Every structure is written in C-alpha cells, then in structure tokens.
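Undergrad: File follows, query-v5.pdb with PDB, C-alpha atoms and all ligand atoms:
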```pdb
ATOM      1  CA  MET A1303      15.270  11.721  -3.359
ATOM      2  CA  SER A1304      12.578  12.983  -0.966
ATOM      3  CA  ASP A1305      11.488  10.738   1.860
ATOM      4  CA  THR A1306       7.774  11.271   1.273
ATOM      5  CA  PRO A1307       6.155   7.837   0.903
ATOM      6  CA  THR A1308       4.785   7.462  -2.623
ATOM      7  CA  LEU A1309       1.947   5.078  -3.369
ATOM      8  CA  LEU A1310       0.473   3.996  -6.664
ATOM      9  CA  MET A1311      -3.318   3.635  -6.907
ATOM     10  CA  THR A1312      -5.419   2.636  -9.937
ATOM     11  CA  ASP A1313      -8.432   4.740 -10.888
ATOM     12  CA  PRO A1314     -11.509   2.634  -9.976
ATOM     13  CA  ALA A1315     -13.573   3.508 -13.080
ATOM     14  CA  HIS A1316     -13.440  -0.084 -14.356
ATOM     15  CA  PHE A1317     -13.721  -1.855 -10.997
ATOM     16  CA  ASP A1318     -16.370  -4.578 -10.958
ATOM     17  CA  VAL A1319     -16.952  -8.053  -9.599
ATOM     18  CA  THR A1320     -17.614 -10.085 -12.744
ATOM     19  CA  TYR A1321     -15.828 -13.356 -11.906
ATOM     20  CA  ALA A1322     -14.888 -15.271  -8.767
ATOM     21  CA  ILE A1323     -11.254 -16.216  -8.195
ATOM     22  CA  ASN A1324     -11.395 -16.056  -4.408
ATOM     23  CA  PRO A1325     -14.136 -17.041  -1.940
ATOM     24  CA  TRP A1326     -15.109 -13.421  -1.138
ATOM     25  CA  MET A1327     -16.164 -12.639  -4.712
ATOM     26  CA  ALA A1328     -19.878 -13.055  -5.529
ATOM     27  CA  PRO A1329     -20.516 -11.743  -9.062
ATOM     28  CA  GLY A1330     -24.222 -12.656  -8.887
ATOM     29  CA  ALA A1331     -24.865 -10.563  -5.776
ATOM     30  CA  TRP A1332     -22.742  -7.716  -7.188
ATOM     31  CA  ALA A1333     -24.667  -7.699 -10.479
ATOM     32  CA  ARG A1334     -27.998  -7.228  -8.698
ATOM     33  CA  ASP A1335     -26.874  -3.745  -7.703
ATOM     34  CA  ALA A1336     -23.779  -3.102  -9.780
ATOM     35  CA  ASP A1337     -24.368   0.618 -10.397
ATOM     36  CA  ALA A1338     -24.742   1.361  -6.696
ATOM     37  CA  HIS A1339     -21.691  -0.751  -5.858
ATOM     38  CA  ARG A1340     -19.636   1.088  -8.485
ATOM     39  CA  ARG A1341     -20.694   4.487  -7.110
ATOM     40  CA  GLU A1342     -19.849   3.387  -3.583
ATOM     41  CA  ALA A1343     -16.520   2.040  -4.790
ATOM     42  CA  ARG A1344     -15.587   5.449  -6.236
ATOM     43  CA  CYS A1345     -16.386   7.121  -2.861
ATOM     44  CA  ALA A1346     -14.516   4.472  -0.867
ATOM     45  CA  TRP A1347     -11.472   4.767  -3.134
ATOM     46  CA  GLN A1348     -11.463   8.558  -2.734
ATOM     47  CA  ALA A1349     -11.747   8.228   1.045
ATOM     48  CA  LEU A1350      -8.742   5.902   1.037
ATOM     49  CA  GLN A1351      -6.761   8.303  -1.125
ATOM     50  CA  CYS A1352      -7.582  11.163   1.291
ATOM     51  CA  ALA A1353      -6.610   9.104   4.340
ATOM     52  CA  ILE A1354      -3.266   8.259   2.751
ATOM     53  CA  ALA A1355      -2.611  11.869   1.783
ATOM     54  CA  ALA A1356      -3.584  13.004   5.294
ATOM     55  CA  ALA A1357      -0.955  10.613   6.665
ATOM     56  CA  GLY A1358       1.659  12.553   4.684
ATOM     57  CA  ALA A1359       2.103  10.347   1.613
ATOM     58  CA  SER A1360       1.811  11.245  -2.019
ATOM     59  CA  VAL A1361      -0.466   9.255  -4.332
ATOM     60  CA  VAL A1362       0.266   8.625  -7.999
ATOM     61  CA  THR A1363      -2.677   7.299 -10.041
ATOM     62  CA  ALA A1364      -2.728   5.002 -13.010
ATOM     63  CA  PRO A1365      -5.663   4.374 -15.345
ATOM     64  CA  GLY A1366      -7.530   1.079 -15.159
ATOM     65  CA  ALA A1367      -8.774  -0.717 -18.246
ATOM     66  CA  PRO A1368     -12.167  -2.035 -19.346
ATOM     67  CA  GLY A1369     -12.574  -5.753 -18.763
ATOM     68  CA  LEU A1370      -9.779  -5.804 -16.144
ATOM     69  CA  PRO A1371     -11.701  -5.020 -12.945
ATOM     70  CA  ASP A1372      -8.969  -6.158 -10.562
ATOM     71  CA  MET A1373      -6.429  -3.675 -11.928
ATOM     72  CA  VAL A1374      -7.750  -1.551  -9.069
ATOM     73  CA  PHE A1375      -5.427  -3.648  -6.837
ATOM     74  CA  PRO A1376      -1.938  -2.469  -7.893
ATOM     75  CA  ALA A1377      -0.277  -4.290  -4.980
ATOM     76  CA  ASN A1378      -0.510  -7.325  -7.232
ATOM     77  CA  ALA A1379       1.217  -5.645 -10.168
ATOM     78  CA  ALA A1380       4.840  -5.825  -9.034
ATOM     79  CA  VAL A1381       7.357  -6.098  -6.222
ATOM     80  CA  VAL A1382       9.235  -2.805  -5.811
ATOM     81  CA  LEU A1383      12.424  -2.079  -3.856
ATOM     82  CA  ASP A1384      15.277   0.407  -4.294
ATOM     83  CA  GLY A1385      13.673   1.953  -7.371
ATOM     84  CA  ARG A1386      13.473  -1.415  -9.155
ATOM     85  CA  ALA A1387      10.206  -3.125 -10.047
ATOM     86  CA  LEU A1388       9.734  -6.804 -10.804
ATOM     87  CA  LEU A1389       6.449  -7.272 -12.663
ATOM     88  CA  ALA A1390       3.967  -9.909 -11.515
ATOM     89  CA  ARG A1391       2.844 -13.068 -13.270
ATOM     90  CA  PHE A1392      -0.767 -13.798 -12.409
ATOM     91  CA  ARG A1393      -2.068 -17.247 -11.553
ATOM     92  CA  HIS A1394      -5.581 -16.789 -12.969
ATOM     93  CA  PRO A1395      -6.273 -16.161 -16.662
ATOM     94  CA  GLU A1396      -8.868 -13.567 -15.554
ATOM     95  CA  ARG A1397      -6.031 -11.305 -14.369
ATOM     96  CA  ARG A1398      -3.317 -12.046 -16.934
ATOM     97  CA  GLY A1399      -4.501  -9.239 -19.201
ATOM     98  CA  GLU A1400      -3.278  -6.865 -16.482
ATOM     99  CA  GLU A1401       0.351  -7.816 -17.130
ATOM    100  CA  PRO A1402       0.862  -5.791 -20.361
ATOM    101  CA  ARG A1403      -1.246  -2.932 -18.986
ATOM    102  CA  PHE A1404       0.806  -2.667 -15.832
ATOM    103  CA  ALA A1405       3.999  -2.981 -17.897
ATOM    104  CA  GLU A1406       2.906   0.263 -19.627
ATOM    105  CA  VAL A1407       2.082   1.891 -16.295
ATOM    106  CA  PHE A1408       5.528   1.018 -14.915
ATOM    107  CA  ALA A1409       7.284   2.224 -18.075
ATOM    108  CA  ARG A1410       5.565   5.603 -17.508
ATOM    109  CA  LEU A1411       6.693   5.598 -13.860
ATOM    110  CA  CYS A1412      10.278   5.166 -15.096
ATOM    111  CA  GLU A1413       9.863   8.057 -17.546
ATOM    112  CA  ARG A1414       8.613  10.210 -14.692
ATOM    113  CA  GLY A1415      11.669   9.321 -12.609
ATOM    114  CA  LEU A1416       9.619   7.497  -9.974
ATOM    115  CA  LEU A1417      11.400   4.202 -10.762
ATOM    116  CA  ASP A1418      14.763   3.348 -12.325
ATOM    117  CA  GLU A1419      14.207  -0.126 -13.701
ATOM    118  CA  VAL A1420      11.401  -2.543 -14.601
ATOM    119  CA  ALA A1421      11.972  -6.261 -15.142
ATOM    120  CA  THR A1422       9.934  -9.422 -15.666
ATOM    121  CA  LEU A1423      10.095 -12.743 -13.844
ATOM    122  CA  PRO A1424      11.278 -15.787 -15.742
ATOM    123  CA  GLU A1425       8.409 -17.730 -17.316
ATOM    124  CA  GLY A1426       6.950 -20.755 -15.581
ATOM    125  CA  SER A1427       6.352 -19.216 -12.182
ATOM    126  CA  TYR A1428       3.549 -17.211 -10.637
ATOM    127  CA  GLN A1429       4.141 -14.272  -8.352
ATOM    128  CA  GLU A1430       1.398 -11.748  -7.547
ATOM    129  CA  GLY A1431       3.512  -8.743  -6.622
ATOM    130  CA  ALA A1432       3.569  -7.093  -3.215
ATOM    131  CA  GLY A1433       0.319  -8.918  -2.441
ATOM    132  CA  ASP A1434       2.484 -11.974  -1.897
ATOM    133  CA  CYS A1435       5.772 -10.281  -1.106
ATOM    134  CA  VAL A1436       5.688  -7.926   1.831
ATOM    135  CA  TRP A1437       8.722  -5.825   2.781
ATOM    136  CA  ASP A1438       9.678  -5.871   6.456
ATOM    137  CA  ALA A1439      11.808  -2.749   6.955
ATOM    138  CA  THR A1440      12.696  -3.642  10.549
ATOM    139  CA  ARG A1441      14.239  -6.960   9.501
ATOM    140  CA  GLY A1442      15.423  -5.898   6.046
ATOM    141  CA  ARG A1443      13.743  -8.819   4.337
ATOM    142  CA  PHE A1444      10.776  -9.817   2.270
ATOM    143  CA  TRP A1445       8.128 -12.163   3.586
ATOM    144  CA  ALA A1446       6.869 -14.168   0.605
ATOM    145  CA  GLY A1447       3.480 -15.869   0.525
ATOM    146  CA  VAL A1448       3.358 -19.149  -1.364
ATOM    147  CA  GLY A1449       0.095 -21.022  -1.931
ATOM    148  CA  PRO A1450      -3.137 -20.219  -3.724
ATOM    149  CA  ARG A1451      -1.495 -17.594  -5.988
ATOM    150  CA  SER A1452       2.312 -17.427  -5.932
ATOM    151  CA  THR A1453       4.652 -20.394  -6.432
ATOM    152  CA  PRO A1454       7.983 -21.215  -4.746
ATOM    153  CA  ALA A1455       9.764 -20.384  -8.017
ATOM    154  CA  GLY A1456       8.105 -16.963  -7.958
ATOM    155  CA  ALA A1457       9.491 -16.270  -4.477
ATOM    156  CA  ALA A1458      12.917 -17.494  -5.621
ATOM    157  CA  GLY A1459      12.730 -15.146  -8.624
ATOM    158  CA  VAL A1460      12.187 -12.212  -6.245
ATOM    159  CA  ALA A1461      15.205 -13.242  -4.138
ATOM    160  CA  ASP A1462      17.392 -13.502  -7.268
ATOM    161  CA  PHE A1463      16.322 -10.222  -8.761
ATOM    162  CA  PHE A1464      16.677  -8.118  -5.623
ATOM    163  CA  GLY A1465      19.505 -10.063  -4.009
ATOM    164  CA  ALA A1466      17.444  -9.775  -0.834
ATOM    165  CA  GLU A1467      16.579 -12.159   1.937
ATOM    166  CA  VAL A1468      13.172 -13.680   1.174
ATOM    167  CA  THR A1469      11.474 -15.810   3.813
ATOM    168  CA  ARG A1470       8.844 -18.131   2.423
ATOM    169  CA  LEU A1471       5.545 -18.407   4.305
ATOM    170  CA  ASP A1472       3.104 -21.035   3.069
ATOM    171  CA  LEU A1473      -0.550 -20.015   3.088
ATOM    172  CA  VAL A1474      -3.044 -22.760   3.843
ATOM    173  CA  SER A1475      -6.444 -21.121   3.513
ATOM    174  CA  ASP A1476      -8.509 -20.162   0.453
ATOM    175  CA  ARG A1477      -9.901 -17.137   2.234
ATOM    176  CA  TYR A1478      -6.470 -15.683   3.016
ATOM    177  CA  TYR A1479      -5.068 -16.317  -0.431
ATOM    178  CA  HIS A1480      -2.516 -13.494  -0.517
ATOM    179  CA  LEU A1481       0.053 -12.765   2.178
ATOM    180  CA  ASP A1482      -1.047  -9.136   2.509
ATOM    181  CA  VAL A1483      -4.458 -10.174   3.852
ATOM    182  CA  CYS A1484      -2.901 -12.039   6.776
ATOM    183  CA  LEU A1485       0.416 -10.296   7.555
ATOM    184  CA  CYS A1486       1.362  -6.659   8.027
ATOM    185  CA  PRO A1487       4.757  -5.527   9.391
ATOM    186  CA  LEU A1488       4.534  -2.213  11.287
ATOM    187  CA  SER A1489       7.028   0.640  11.587
ATOM    188  CA  GLY A1490       7.756  -0.098  15.255
ATOM    189  CA  GLY A1491       8.887  -3.629  14.406
ATOM    190  CA  GLU A1492       5.640  -5.370  15.328
ATOM    191  CA  VAL A1493       4.038  -7.782  12.889
ATOM    192  CA  LEU A1494       0.239  -7.952  12.766
ATOM    193  CA  TYR A1495      -0.779 -11.403  11.522
ATOM    194  CA  TYR A1496      -3.625 -13.903  11.388
ATOM    195  CA  PRO A1497      -2.131 -17.207  12.558
ATOM    196  CA  ARG A1498      -4.721 -19.538  11.043
ATOM    197  CA  ALA A1499      -3.799 -18.486   7.529
ATOM    198  CA  PHE A1500      -0.314 -20.020   7.817
ATOM    199  CA  SER A1501       1.201 -23.496   7.731
ATOM    200  CA  THR A1502       2.911 -24.817  10.860
ATOM    201  CA  ALA A1503       6.318 -24.315   9.241
ATOM    202  CA  ALA A1504       5.441 -20.738   8.313
ATOM    203  CA  LEU A1505       4.362 -19.968  11.885
ATOM    204  CA  ALA A1506       7.657 -21.387  13.148
ATOM    205  CA  ARG A1507       9.604 -19.141  10.740
ATOM    206  CA  LEU A1508       7.652 -16.076  11.797
ATOM    207  CA  ARG A1509       8.047 -16.810  15.492
ATOM    208  CA  ASP A1510      11.724 -17.446  14.962
ATOM    209  CA  ALA A1511      12.313 -14.055  13.366
ATOM    210  CA  VAL A1512       9.923 -11.884  15.352
ATOM    211  CA  PRO A1513      10.088 -11.697  19.171
ATOM    212  CA  ALA A1514       6.847 -12.806  20.843
ATOM    213  CA  ASP A1515       6.098  -9.343  22.237
ATOM    214  CA  GLN A1516       6.212  -7.938  18.690
ATOM    215  CA  LEU A1517       3.755 -10.417  17.226
ATOM    216  CA  ILE A1518       0.226  -9.008  17.271
ATOM    217  CA  GLU A1519      -2.456 -11.606  16.601
ATOM    218  CA  ALA A1520      -5.454 -10.610  14.544
ATOM    219  CA  THR A1521      -8.661 -12.468  15.404
ATOM    220  CA  ALA A1522     -10.852 -14.225  12.836
ATOM    221  CA  GLU A1523     -13.114 -11.182  12.980
ATOM    222  CA  ASP A1524     -10.240  -8.729  12.303
ATOM    223  CA  ALA A1525      -9.020 -10.860   9.406
ATOM    224  CA  ALA A1526     -12.480 -11.216   7.843
ATOM    225  CA  ALA A1527     -12.931  -7.434   8.093
ATOM    226  CA  PHE A1528      -9.687  -7.139   6.043
ATOM    227  CA  CYS A1529      -8.038  -5.072   8.773
ATOM    228  CA  VAL A1530      -4.707  -6.855   8.364
ATOM    229  CA  ASN A1531      -4.590  -5.591   4.770
ATOM    230  CA  ALA A1532      -3.451  -2.202   6.072
ATOM    231  CA  VAL A1533      -1.236   0.673   4.922
ATOM    232  CA  ASN A1534       1.229   1.719   7.637
ATOM    233  CA  LEU A1535       2.791   5.160   7.218
ATOM    234  CA  GLY A1536       4.949   6.105  10.191
ATOM    235  CA  ARG A1537       2.711   5.887  13.249
ATOM    236  CA  THR A1538      -0.501   5.945  11.201
ATOM    237  CA  ILE A1539      -2.256   2.785  10.067
ATOM    238  CA  VAL A1540      -4.962   3.127   7.418
ATOM    239  CA  MET A1541      -7.280   0.124   7.235
ATOM    240  CA  ALA A1542     -10.801  -1.062   6.459
ATOM    241  CA  GLN A1543     -13.143  -0.333   9.413
ATOM    242  CA  PRO A1544     -11.312  -1.842  12.399
ATOM    243  CA  THR A1545     -12.908  -3.780  15.190
ATOM    244  CA  ASP A1546     -12.817  -1.878  18.520
ATOM    245  CA  ARG A1547     -10.539  -4.552  19.916
ATOM    246  CA  LEU A1548      -7.915  -4.172  17.208
ATOM    247  CA  ARG A1549      -8.028  -0.379  17.305
ATOM    248  CA  GLY A1550      -7.423  -0.551  21.066
ATOM    249  CA  VAL A1551      -4.483  -2.942  20.744
ATOM    250  CA  LEU A1552      -2.786  -0.761  18.124
ATOM    251  CA  GLU A1553      -3.462   2.524  19.906
ATOM    252  CA  GLU A1554      -1.985   1.103  23.071
ATOM    253  CA  ARG A1555       1.226   0.559  21.099
ATOM    254  CA  GLY A1556       1.238   4.175  19.993
ATOM    255  CA  TYR A1557      -0.329   3.922  16.531
ATOM    256  CA  ARG A1558      -3.071   6.125  15.156
ATOM    257  CA  VAL A1559      -5.662   4.012  13.351
ATOM    258  CA  THR A1560      -7.641   5.525  10.478
ATOM    259  CA  GLY A1561     -10.604   3.359   9.522
ATOM    260  CA  VAL A1562     -12.018   3.715   6.013
ATOM    261  CA  ASP A1563     -15.235   2.085   4.782
ATOM    262  CA  LEU A1564     -13.973  -0.115   1.950
ATOM    263  CA  ALA A1565     -17.040  -2.381   1.731
ATOM    264  CA  PRO A1566     -17.265  -2.483  -2.101
ATOM    265  CA  PHE A1567     -13.668  -3.696  -2.351
ATOM    266  CA  LEU A1568     -14.160  -6.293   0.384
ATOM    267  CA  LEU A1569     -16.665  -7.812  -2.069
ATOM    268  CA  SER A1570     -13.680  -8.495  -4.319
ATOM    269  CA  GLY A1571     -11.495  -9.797  -1.488
ATOM    270  CA  GLY A1572      -9.269  -6.745  -1.137
ATOM    271  CA  ALA A1573      -8.825  -3.645   1.045
ATOM    272  CA  ALA A1574      -6.408  -0.809   1.868
ATOM    273  CA  PHE A1575      -2.994  -2.403   1.311
ATOM    274  CA  CYS A1576      -3.798  -4.051  -1.996
ATOM    275  CA  LEU A1577      -5.510  -0.925  -3.353
ATOM    276  CA  THR A1578      -2.031   0.642  -3.224
ATOM    277  CA  LEU A1579       1.581  -0.124  -4.074
ATOM    278  CA  ARG A1580       4.546   1.582  -2.344
ATOM    279  CA  LEU A1581       7.018   2.860  -4.934
ATOM    280  CA  ASP A1582       9.616   4.367  -2.598
ATOM    281  CA  LEU A1583      10.731   1.457  -0.377
ATOM    282  CA  ARG A1584      14.500   1.251   0.007
ATOM    283  CA  ARG A1585      16.905  -0.879   1.953
ATOM    284  CA  ALA A1586      18.374   0.994   4.886
TER
HETATM  285  N1  LIG B   1     -10.231  -9.895  -6.683
HETATM  286  C1  LIG B   1      -8.814  -9.797  -6.534
HETATM  287  C2  LIG B   1      -8.164 -11.173  -6.719
HETATM  288  O1  LIG B   1      -8.748 -12.142  -6.325
HETATM  289  C3  LIG B   1      -8.460  -9.219  -5.199
HETATM  290  C4  LIG B   1      -7.002  -9.000  -5.038
HETATM  291  C5  LIG B   1      -6.630  -8.437  -3.712
HETATM  292  N2  LIG B   1      -5.235  -8.276  -3.679
HETATM  293  C6  LIG B   1      -4.446  -8.561  -2.626
HETATM  294  N3  LIG B   1      -3.183  -8.326  -2.747
HETATM  295  N4  LIG B   1      -4.921  -9.071  -1.533
HETATM  296  O2  LIG B   1      -7.086 -11.308  -7.232
END
```
In structure tokens, what does this structure look like?

TA:
Amino acid sequence: MSDTPTLLMTDPAHFDVTYAINPWMAPGAWARDADAHRREARCAWQALQCAIAAAGASVVTAPGAPGLPDMVFPANAAVVLDGRALLARFRHPERRGEEPRFAEVFARLCERGLLDEVATLPEGSYQEGAGDCVWDATRGRFWAGVGPRSTPAGAAGVADFFGAEVTRLDLVSDRYYHLDVCLCPLSGGEVLYYPRAFSTAALARLRDAVPADQLIEATAEDAAAFCVNAVNLGRTIVMAQPTDRLRGVLEERGYRVTGVDLAPFLLSGGAAFCLTLRLDLRRA
C-alpha cells in the first residue's frame, strides 16, 4: 500500500445550481448566466485538481450524472477509513438519487483495489458522508456533525461500523450545515474551526479534546469564504481564496496555503474539501 494520499473527485460536467437546499444556493441567479457559470466551474475544478496533484496526492475521478448536480461533492457520498466505505443517506430528496450512483462508483473503486469493502447504513437515519464526519488523525477519532443534514443515529451508525471513537458536534446554523464547512483538523494537530457554527455543548467537547493553543479560530469572513472547507495534505492546505489574515495565521504555523478560486462552487455552498473524498485514510 503506497502512502500517496488518494482523493476521489467527480467530473463537473453535470454541475449546476437548480434547487436550493442550503442558504448559499440561488438557482435564479445561477440560471441568468448558467453557461458562463458552468464554464467557470470546469476551470475551477481543474485548478483544484492541479493544486491537489501539486501537493503530491493522486486524484481518481468518477463520472457525474445528469439531473444530479451535487454529485460533484463526493465528500458527501461516504465515510471512508481503513479501506472500508460506509455509503451516505441523504437528507434531501434532491440528493437521494446520488445514492445508487455513488454505490456504483464505490463498487468500481473496490474492483480497482482502491477500497476493500462498501457497506450501507441502516435505514431510518441520515448521514452525509465525510461532509459530516471528519477524521482527526492526531486524535484517532471522527468528529461527527449532527444538525441540518445528519442525525444522531447516523453518527451512531458510523461508530458501529468502524468501531471508532466518534465525537458528536451539534451544528446550530443553517449556513454552516455540514461539519466540513466549519471544522478542519490539520496535520500538526491544530483544528481550524468557526465557533459560531456549533452548539455550546459541541464547543465544550472540542475544547476538552483539543488544547487551546491548537484551536485556530476562523472569523465570520473566513467561514463565509469557505476557507475552513480545506484539503490538508502534509504541510500544504488547499482552500478557496483565503483572507490575508487566515493565510498569515496558517503560514506562521508552518503551513503552505494554496488558494484556488472556487467561486462557482461557493454558489452551491461547497468548496475544496467537499469537492473531494480521501480514500486512503487509515488508523495509525
Ligand atoms: N449543494 C450541496 C448541498 O447542499 C453542497 C454540498 C457541500 N458539501 C459539503 N460537504 N459541505 O448538499
């Protein structure tokens, strides 16, 4: 098994903003210039792919599907650890059609030897993949977002399947509806997070597990620019165009920050992290 990070991305050919299931999505505004937005999305997606490759990772692509514009966000497709994938169950009917499509994608990944096993969550719960279940390698645990999208039973299903420690973090804002838009563990043990997205109990859990000097607060501006939704590969962090402040804070801690213009995807409420899914994460 090589230790090159491997990330799944979905070809953006069918990306669109045709419905609104989070407050960032404005299908009317998108439709006024849809062709231009789609062209820009293709360029932005390619720039992200290049930035990830330049950071030393390998990218595996899956096809999207017509009528399923949000398939471009594979972070929501599954939780993956130790070569085992647990497929998502989507909250909104608009995205449920992705479930069988991603099941096919993951079956192919098994055939190619990139995964060993694919399983489904028990019915009756919602869990939107790595978007709401972020691996913290330093602490050997998952942080699980519960709120607008994923349910407590979904987080419990992840804990059962992986036999891993899963710490539940309740999300209290519509704008930060997935955990990956407000929390990002970094390779040096720091956790970049946007405090106002979390319940009081969630903040207490975070502050209990992560020493104060390792908690890096994102501002409202950083969070709204989707900078927390970042891909960290070693000492490189790939993110939507960072604010100067955030770049400075991260560089001071020894990270290299690669900003990518992901504007068309911000119009769907997503950015770097959720445009990808790590396939190679393993427990130490
Ligand atoms: N439009 C998509 C949705 O609302 C964006 C998903 C972004 N994914 C994420 N993990 N943050 O579901």

Undergrad: Write out as a list of chain:residue names each polymer residue whose atoms come within 6 Å of Asp1434 (chain A), counting all atoms listed in the file; drop sequence neighbours fewer than 4 positions from it.

TA: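 Residues near the query, excluding close chain neighbours: A:Glu1430, A:Ala1446, A:Gly1447, A:His1480, A:Leu1481.
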
Undergrad: I need the chosen residues saved as a PDB file, keeping the file's coordinate frame, with C-alpha atoms.

TA:
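The resulting result-v9.pdb:
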```pdb
ATOM      1  CA  GLU A1430       1.398 -11.748  -7.547  1.00  0.00           C
ATOM      2  CA  ALA A1446       6.869 -14.168   0.605  1.00  0.00           C
ATOM      3  CA  GLY A1447       3.480 -15.869   0.525  1.00  0.00           C
ATOM      4  CA  HIS A1480      -2.516 -13.494  -0.517  1.00  0.00           C
ATOM      5  CA  LEU A1481       0.053 -12.765   2.178  1.00  0.00           C
TER       6      LEU A1481
END
```

Undergrad: Using the chain letters and residue numbers of this document, give as a ChimeraX atom specification the residues selected by the PyMOL selection byres (((chain A and resi 1497) around 8) and not hetatm).

TA: /A:1484,1495-1496,1498-1500,1505,1519-1520

Undergrad: Hey, what's within 9 Å of Gly1490 (chain A) if we count all atoms listed in the file and toss same-chain stuff fewer than 6 positions away? As number ranges by chain, please?

TA: A: 1440, 1516, 1536-1537, 1555

Undergrad: Calculate, to one decimal in Å, the centre and edge lengths of the box along x, y and z of the file that holds all listed atoms of ligand LIG 1 (chain B) with 6 Å of margin on each side, and present them as lines of an AutoDock Vina configuration file.

TA:
```
center_x = -6.7
center_y = -10.2
center_z = -4.4
size_x = 19.0
size_y = 15.9
size_z = 17.7
```

Undergrad: What residues have any atom no more than 8 Å from ligand LIG 1 (chain B) when counting only C-alpha atoms and all ligand atoms, and can you list them as number ranges by chain?

TA: A: 1319, 1322-1324, 1327, 1372, 1375-1378, 1397, 1430-1434, 1479-1483, 1531, 1570-1573, 1575-1577

Undergrad: Once the PyMOL selection byres (((chain A and resi 1330) around 9) and not hetatm) has been evaluated on this model, what residues remain selected, and can you format them as a PyMOL selection string?

TA: chain A and resi 1319-1321+1328-1329+1331-1334

Undergrad: Going by the chain IDs and residue numbers used in this file, which residues fall under the PyMOL selection byres (((chain A and resi 1444) around 7) and not hetatm)? Write them as a VMD selection string.

TA: chain A and resid 1435 to 1438 1443 1445 to 1446 1467 to 1469

Undergrad: For the atom pair CA of Val1551 (chain A) and CA of Ile1518 (chain A), what is the interatomic distance in Å to one decimal place?

TA: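 Separation between CA of Val1551 (chain A) and CA of Ile1518 (chain A): 8.4 Å.
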
Undergrad: Quick one: residues within 9 Å of region 1337-1353 of chain A, only C-alpha atoms, excluding same-chain residues fewer than 4 positions away - as a list in words?

TA: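 Returned residues: Met1311, Asp1313, Pro1314, Ala1315, His1316, Phe1317, Asp1318, Trp1332, Ala1333, Ala1357, Gly1358, Val1361, Val1540, Met1541, Thr1560, Gly1561, Val1562, Asp1563, Leu1564, Ala1565, Pro1566, Phe1567, Ala1574 and Leu1577 of chain A.
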
Undergrad: Here is a test: counting all atoms listed in the file, which residue of A:Val1362, A:Met1373, A:Ala1367, A:Val1382 is nearest to Arg1410 (chain A)?

TA: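 Smallest separation from Arg1410 (chain A) among the options: A:Val1362.
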
Undergrad: What is the CA of Gly1366 (chain A) to CA of Asp1476 (chain A) distance in Å?

TA: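 Going from CA of Gly1366 (chain A) over to CA of Asp1476 (chain A) covers 26.4 Å.
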
Undergrad: What lies within 9 Å of Arg1585 (chain A) using all atoms listed in the file, ignoring chain neighbours under 6 positions off, as number ranges by chain?

TA: A: 1383-1384, 1439, 1442-1443

Undergrad: Compile the contact shell of Glu1401 (chain A) as a ChimeraX atom specification: residues with an atom at most 9 Å away, counting all atoms listed in the file, same-chain residues fewer than 3 positions apart removed.

TA: /A:1379,1389-1392,1397-1398,1404-1406

Undergrad: Which residue is closest to Val1381 (chain A)? Choose from A:Gly1399, A:Pro1307, A:Gly1456, A:Gly1556 and count all atoms listed in the file.

TA: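 Ranking A:Gly1399, A:Pro1307, A:Gly1456, A:Gly1556 by distance to Val1381 (chain A), first place goes to A:Gly1456.
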
Undergrad: Please measure the separation of CA of Glu1419 (chain A) and CA of Ala1364 (chain A), giving the value in Å to one decimal.

TA: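 So the answer is 17.7 Å.
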
Undergrad: Which one is closest to Pro1513 (chain A): A:Thr1306, A:Ala1455, A:Arg1441, A:Phe1528? Count only C-alpha atoms.

TA: A:Arg1441

Undergrad: Kindly indicate which residue among A:Pro1424, A:Val1559, A:Ala1504, A:Arg1477 lies nearest to Pro1325 (chain A), using only C-alpha atoms for the distances.

TA: A:Arg1477

Undergrad: Ranking A:Leu1517, A:Ile1539, A:Leu1388, A:Ala1586 by minimum distance to Glu1553 (chain A) and counting all atoms listed in the file, which one comes first?

TA: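 Looking at the shortest contact to Glu1553 (chain A), the residue is A:Ile1539.
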